[in-house]
$ cat query32.txt   # compact mmCIF, C-alpha atoms
# COMPACT_ATOMS: atom_id res chain seq x y z
CA MET T 1 14.92 42.33 -32.48
CA THR T 2 12.92 44.90 -30.54
CA LYS T 3 9.95 44.40 -28.35
CA ILE T 4 7.21 46.97 -28.24
CA ALA T 5 5.49 47.07 -24.90
CA SER T 6 4.07 49.67 -22.63
CA SER T 7 6.28 51.12 -20.02
CA LEU T 8 5.30 50.33 -16.47
CA LYS T 9 5.77 53.89 -15.27
CA THR T 10 4.30 55.98 -18.09
CA GLY T 11 2.03 53.58 -19.99
CA THR T 12 3.67 54.56 -23.31
CA PRO T 13 5.21 52.08 -25.76
CA SER T 14 8.86 51.23 -25.30
CA ASP T 15 11.29 50.42 -28.13
CA THR T 16 14.04 49.14 -25.86
CA PRO T 17 15.27 45.61 -26.52
CA ASP T 18 14.24 42.94 -24.06
CA ALA T 19 17.05 41.53 -21.90
CA ALA T 20 16.42 38.05 -23.33
CA ASP T 21 16.79 39.33 -26.91
CA GLU T 22 20.12 41.10 -26.43
CA GLY T 23 22.28 38.00 -27.09
CA LEU T 24 20.54 37.03 -30.33
CA GLU T 25 22.26 37.15 -33.70
CA PRO T 26 21.16 39.71 -36.27
CA GLU T 27 18.36 38.78 -38.64
CA PHE T 28 19.05 36.51 -41.63
CA LYS T 29 20.50 38.30 -44.64
CA PRO T 30 20.63 36.47 -47.98
CA LEU T 31 23.99 36.45 -49.75
CA SER T 32 24.56 38.15 -53.06
CA ALA T 33 25.90 36.07 -55.96
CA GLU T 34 29.43 37.39 -55.36
CA GLU T 35 29.27 36.67 -51.62
CA ALA T 36 27.95 33.15 -52.26
CA GLN T 37 30.76 32.47 -54.75
CA ALA T 38 33.35 33.74 -52.25
CA TRP T 39 31.83 31.53 -49.54
CA ARG T 40 31.98 28.48 -51.83
CA GLN T 41 35.64 29.14 -52.60
CA HIS T 42 36.46 29.55 -48.91
CA ASN T 43 34.47 26.40 -47.93
CA PRO T 44 35.05 23.77 -50.63
CA GLN T 45 32.79 20.74 -50.83
CA ALA T 46 34.19 17.64 -49.12
CA SER T 47 34.78 14.58 -51.27
CA PRO T 48 33.35 11.29 -49.95
CA TRP T 49 35.72 9.39 -52.26
CA ARG T 50 38.65 10.39 -50.06
CA VAL T 51 36.95 8.87 -47.02
CA LEU T 52 36.23 5.69 -48.98
CA LEU T 53 39.85 5.49 -50.06
CA LEU T 54 40.90 5.85 -46.42
CA GLN T 55 38.46 3.08 -45.48
CA VAL T 56 39.95 0.76 -48.11
CA GLY T 57 43.45 1.50 -46.84
CA VAL T 58 42.56 0.93 -43.19
CA GLY T 59 40.67 -2.28 -44.03
CA ALA T 60 43.58 -3.64 -46.05
CA LEU T 61 46.10 -2.66 -43.38
CA LEU T 62 43.98 -4.31 -40.69
CA ALA T 63 43.69 -7.54 -42.67
CA ILE T 64 47.43 -7.67 -43.38
CA MET T 65 48.37 -6.87 -39.79
CA THR T 66 45.91 -9.48 -38.49
CA GLY T 67 47.44 -12.11 -40.74
CA LEU T 68 51.01 -11.16 -39.85
CA PHE T 69 50.49 -10.98 -36.09
CA THR T 70 48.33 -14.06 -35.68
CA GLY T 71 49.79 -16.18 -38.45
CA GLU T 72 46.26 -17.36 -39.22
CA TRP T 73 45.20 -16.10 -42.62
CA LYS T 74 41.59 -17.20 -41.98
CA LEU T 75 41.41 -14.35 -39.48
CA ALA T 76 42.86 -11.95 -42.04
CA VAL T 77 40.31 -13.03 -44.66
CA SER T 78 37.46 -12.71 -42.15
CA SER T 79 38.67 -9.25 -41.18
CA ALA T 80 38.93 -8.28 -44.84
CA TRP T 81 35.36 -9.46 -45.46
CA GLY T 82 34.19 -7.23 -42.59
CA SER T 83 35.85 -4.29 -44.32
CA VAL T 84 34.31 -5.26 -47.66
CA ALA T 85 30.87 -5.29 -45.99
CA VAL T 86 31.41 -1.60 -45.18
CA VAL T 87 33.22 -0.36 -48.28
CA VAL T 88 31.21 -1.94 -51.12
CA PRO T 89 27.82 -0.59 -49.95
CA ALA T 90 29.41 2.80 -49.28
CA VAL T 91 30.82 2.91 -52.83
CA VAL T 92 27.39 2.08 -54.26
CA PHE T 93 25.82 4.76 -52.06
CA VAL T 94 28.33 7.48 -52.93
CA ARG T 95 28.13 6.70 -56.63
CA ALA T 96 24.34 6.89 -56.55
CA LEU T 97 24.39 10.07 -54.46
CA SER T 98 26.74 11.80 -56.86
CA ARG T 99 24.14 11.21 -59.56
CA GLN T 100 21.26 12.23 -57.26
CA MET T 101 22.85 15.58 -56.43
CA ARG T 102 22.40 16.71 -60.03
CA ARG T 103 18.63 16.68 -59.67
CA THR T 104 16.93 20.02 -59.44
CA GLN T 105 13.88 18.79 -57.55
CA PRO T 106 14.66 18.77 -53.79
CA GLY T 107 11.87 16.28 -53.01
CA SER T 108 13.13 13.87 -55.64
CA ALA T 109 16.71 14.18 -54.37
CA LEU T 110 15.58 13.51 -50.80
CA MET T 111 13.58 10.48 -51.85
CA GLY T 112 16.58 9.20 -53.78
CA LEU T 113 18.76 9.67 -50.71
CA MET T 114 16.39 7.58 -48.62
CA VAL T 115 16.10 4.85 -51.26
CA TRP T 116 19.87 4.58 -51.71
CA GLU T 117 20.41 4.52 -47.95
CA LEU T 118 18.01 1.59 -47.79
CA VAL T 119 19.92 -0.11 -50.64
CA LYS T 120 23.15 0.44 -48.71
CA ILE T 121 21.72 -1.16 -45.56
CA VAL T 122 20.29 -4.14 -47.46
CA LEU T 123 23.57 -4.67 -49.30
CA THR T 124 25.52 -4.53 -46.02
CA VAL T 125 23.24 -7.11 -44.40
CA ALA T 126 23.42 -9.32 -47.49
CA LEU T 127 27.23 -9.24 -47.47
CA LEU T 128 27.26 -10.18 -43.79
CA LEU T 129 24.77 -13.01 -44.32
CA VAL T 130 26.65 -14.47 -47.29
CA ALA T 131 30.00 -14.42 -45.44
CA PRO T 132 29.78 -18.02 -44.09
CA LYS T 133 29.12 -19.30 -47.62
CA VAL T 134 32.02 -17.36 -49.15
CA ILE T 135 34.61 -17.94 -46.39
CA SER T 136 34.89 -21.58 -45.40
CA ASP T 137 36.56 -21.09 -42.00
CA LEU T 138 34.94 -17.82 -40.97
CA SER T 139 35.84 -16.09 -37.71
CA TRP T 140 32.92 -13.91 -36.72
CA LEU T 141 35.02 -12.04 -34.18
CA ALA T 142 37.57 -11.03 -36.84
CA LEU T 143 34.77 -10.14 -39.26
CA VAL T 144 33.07 -7.88 -36.73
CA ALA T 145 36.43 -6.32 -35.81
CA GLY T 146 37.11 -5.53 -39.47
CA PHE T 147 33.59 -4.17 -39.86
CA VAL T 148 33.76 -1.91 -36.81
CA VAL T 149 37.29 -0.60 -37.45
CA THR T 150 36.45 0.20 -41.08
CA MET T 151 33.20 1.87 -40.05
CA LYS T 152 35.01 4.06 -37.51
CA VAL T 153 37.25 5.49 -40.23
CA TYR T 154 34.69 8.30 -40.54
CA TRP T 155 35.95 9.57 -37.17
CA LEU T 156 39.54 9.35 -38.37
CA ALA T 157 38.63 11.26 -41.52
CA MET T 158 37.01 13.99 -39.43
CA ALA T 159 40.06 14.16 -37.15
CA LEU T 160 42.35 14.50 -40.16
CA GLY T 161 40.13 17.20 -41.59
CA TRP T 162 39.30 15.18 -44.71
CA MET T 163 35.58 15.67 -44.33
CA GLN T 164 35.81 19.43 -43.85
CA ARG T 165 38.15 20.49 -46.64
CA LYS T 166 39.00 19.11 -50.01
CA SER T 167 42.39 20.72 -50.39
CA LYS T 168 44.26 20.61 -47.06
CA PRO T 169 44.12 17.44 -44.97
CA THR T 170 45.99 17.74 -41.69
CA LEU T 171 47.64 15.12 -39.59
CA PHE T 172 46.80 16.56 -36.19
$ encode --input "query32.txt" --output "structure tokens"
Amino acid sequence: MTKIASSLKTGTPSDTPDAADEGLEPEFKPLSAEEAQAWRQHNPQASPWRVLLLQVGVGALLAIMTGLFTGEWKLAVSSAWGSVAVVVPAVVFVRALSRQMRRTQPGSALMGLMVWELVKIVLTVALLLVAPKVISDLSWLALVAGFVVTMKVYWLAMALGWMQRKSKPTLF
């Protein structure tokens, strides 16, 4: 980017770049069809189903470990319900989003995203509110622990590289 201004000494226009503009990136250049295809192959789309599968695994492992270590299966069931309150709405959301992404109208797709996010939140709250009716001896602490640990699996998925690449998850 160049700045045209008059020179202080001569009064004539100057085409020298401003000191503030020197560190800027070059102007935006649209990709050709071949370049876009190469970029898509180099940067594959991440699959949310892998993250959901990891959430199910972590939730199940947490419930089993809670039951084994405490010997109280009511805590394991409460922990499992906390995981269910995360996973079931996420499955509904991902399923709906996979259908929404096929739409060609960006405004319609964005509105669908907002509606399904609202459905996900309402379903999560409903599952948490119905928990005392479903589980007779509910432990709210175990339920919240299961909920939080399962929710934090997104960070684990990012650390493993599961959200960046479809083909090569890493352990460290």
$ residues_around --input "query32.txt" --residues "Val87 in chain T" --least-positions-apart "3" --cutoff "10 Å" --atoms "all atoms listed in the file" --output "PyMOL selection string"
chain T and resi 52-53+55-56+59+81-84+90-93+124+147+150-151
$ atom_distance --input "query32.txt" --atom1 "CA of Ser79 in chain T" --atom2 "CA of Leu160 in chain T"
24.1 Å
$ closest_residue --input "query32.txt" --among "T:Ala80, T:Leu128, T:Ala85, T:Met114" --to "Leu97 in chain T" --atoms "all atoms listed in the file"
T:Met114
$ closest_residue --input "query32.txt" --among "T:Leu129, T:Val51, T:Ala36, T:Ala142" --to "Val94 in chain T" --atoms "all atoms listed in the file"
T:Val51
$ residues_around --input "query32.txt" --residues "Asp137 in chain T" --least-positions-apart "3" --cutoff "12 Å" --atoms "only C-alpha atoms" --output "list in words"
Glu72, Trp73, Lys74, Leu75, Ala76, Val77, Ser78, Ala131, Pro132, Lys133, Val134, Trp140, Ala142 and Leu143 of chain T
$ write_last_selection --input "query32.txt" --atoms "C-alpha atoms" --output "short mmCIF file (atom, residue, chain, number, x, y, z; two decimals), in the frame of the given file"
data_model
loop_
_atom_site.label_atom_id
_atom_site.label_comp_id
_atom_site.auth_asym_id
_atom_site.auth_seq_id
_atom_site.Cartn_x
_atom_site.Cartn_y
_atom_site.Cartn_z
CA GLU T 72 46.26 -17.36 -39.22
CA TRP T 73 45.20 -16.10 -42.62
CA LYS T 74 41.59 -17.20 -41.98
CA LEU T 75 41.41 -14.35 -39.48
CA ALA T 76 42.86 -11.95 -42.04
CA VAL T 77 40.31 -13.03 -44.66
CA SER T 78 37.46 -12.71 -42.15
CA ALA T 131 30.00 -14.42 -45.44
CA PRO T 132 29.78 -18.02 -44.09
CA LYS T 133 29.12 -19.30 -47.62
CA VAL T 134 32.02 -17.36 -49.15
CA TRP T 140 32.92 -13.91 -36.72
CA ALA T 142 37.57 -11.03 -36.84
CA LEU T 143 34.77 -10.14 -39.26
#
$ closest_residue --input "query32.txt" --among "T:Val148, T:Leu54, T:Ala96, T:Val86" --to "Ile121 in chain T" --atoms "only C-alpha atoms"
T:Val86
$ axis_aligned_box --input "query32.txt" --around "range 25-41 of chain T" --padding-each-side "4 Å" --output "JSON"
{"center_x": 27.0, "center_y": 34.1, "center_z": -44.8, "size_x": 25.3, "size_y": 19.2, "size_z": 30.3}
$ closest_residue --input "query32.txt" --among "T:Ile64, T:Val130, T:Val115, T:Val144" --to "Gln100 in chain T" --atoms "only C-alpha atoms"
T:Val115
$ atom_distance --input "query32.txt" --atom1 "CA of Glu35 in chain T" --atom2 "CA of Arg99 in chain T"
27.2 Å
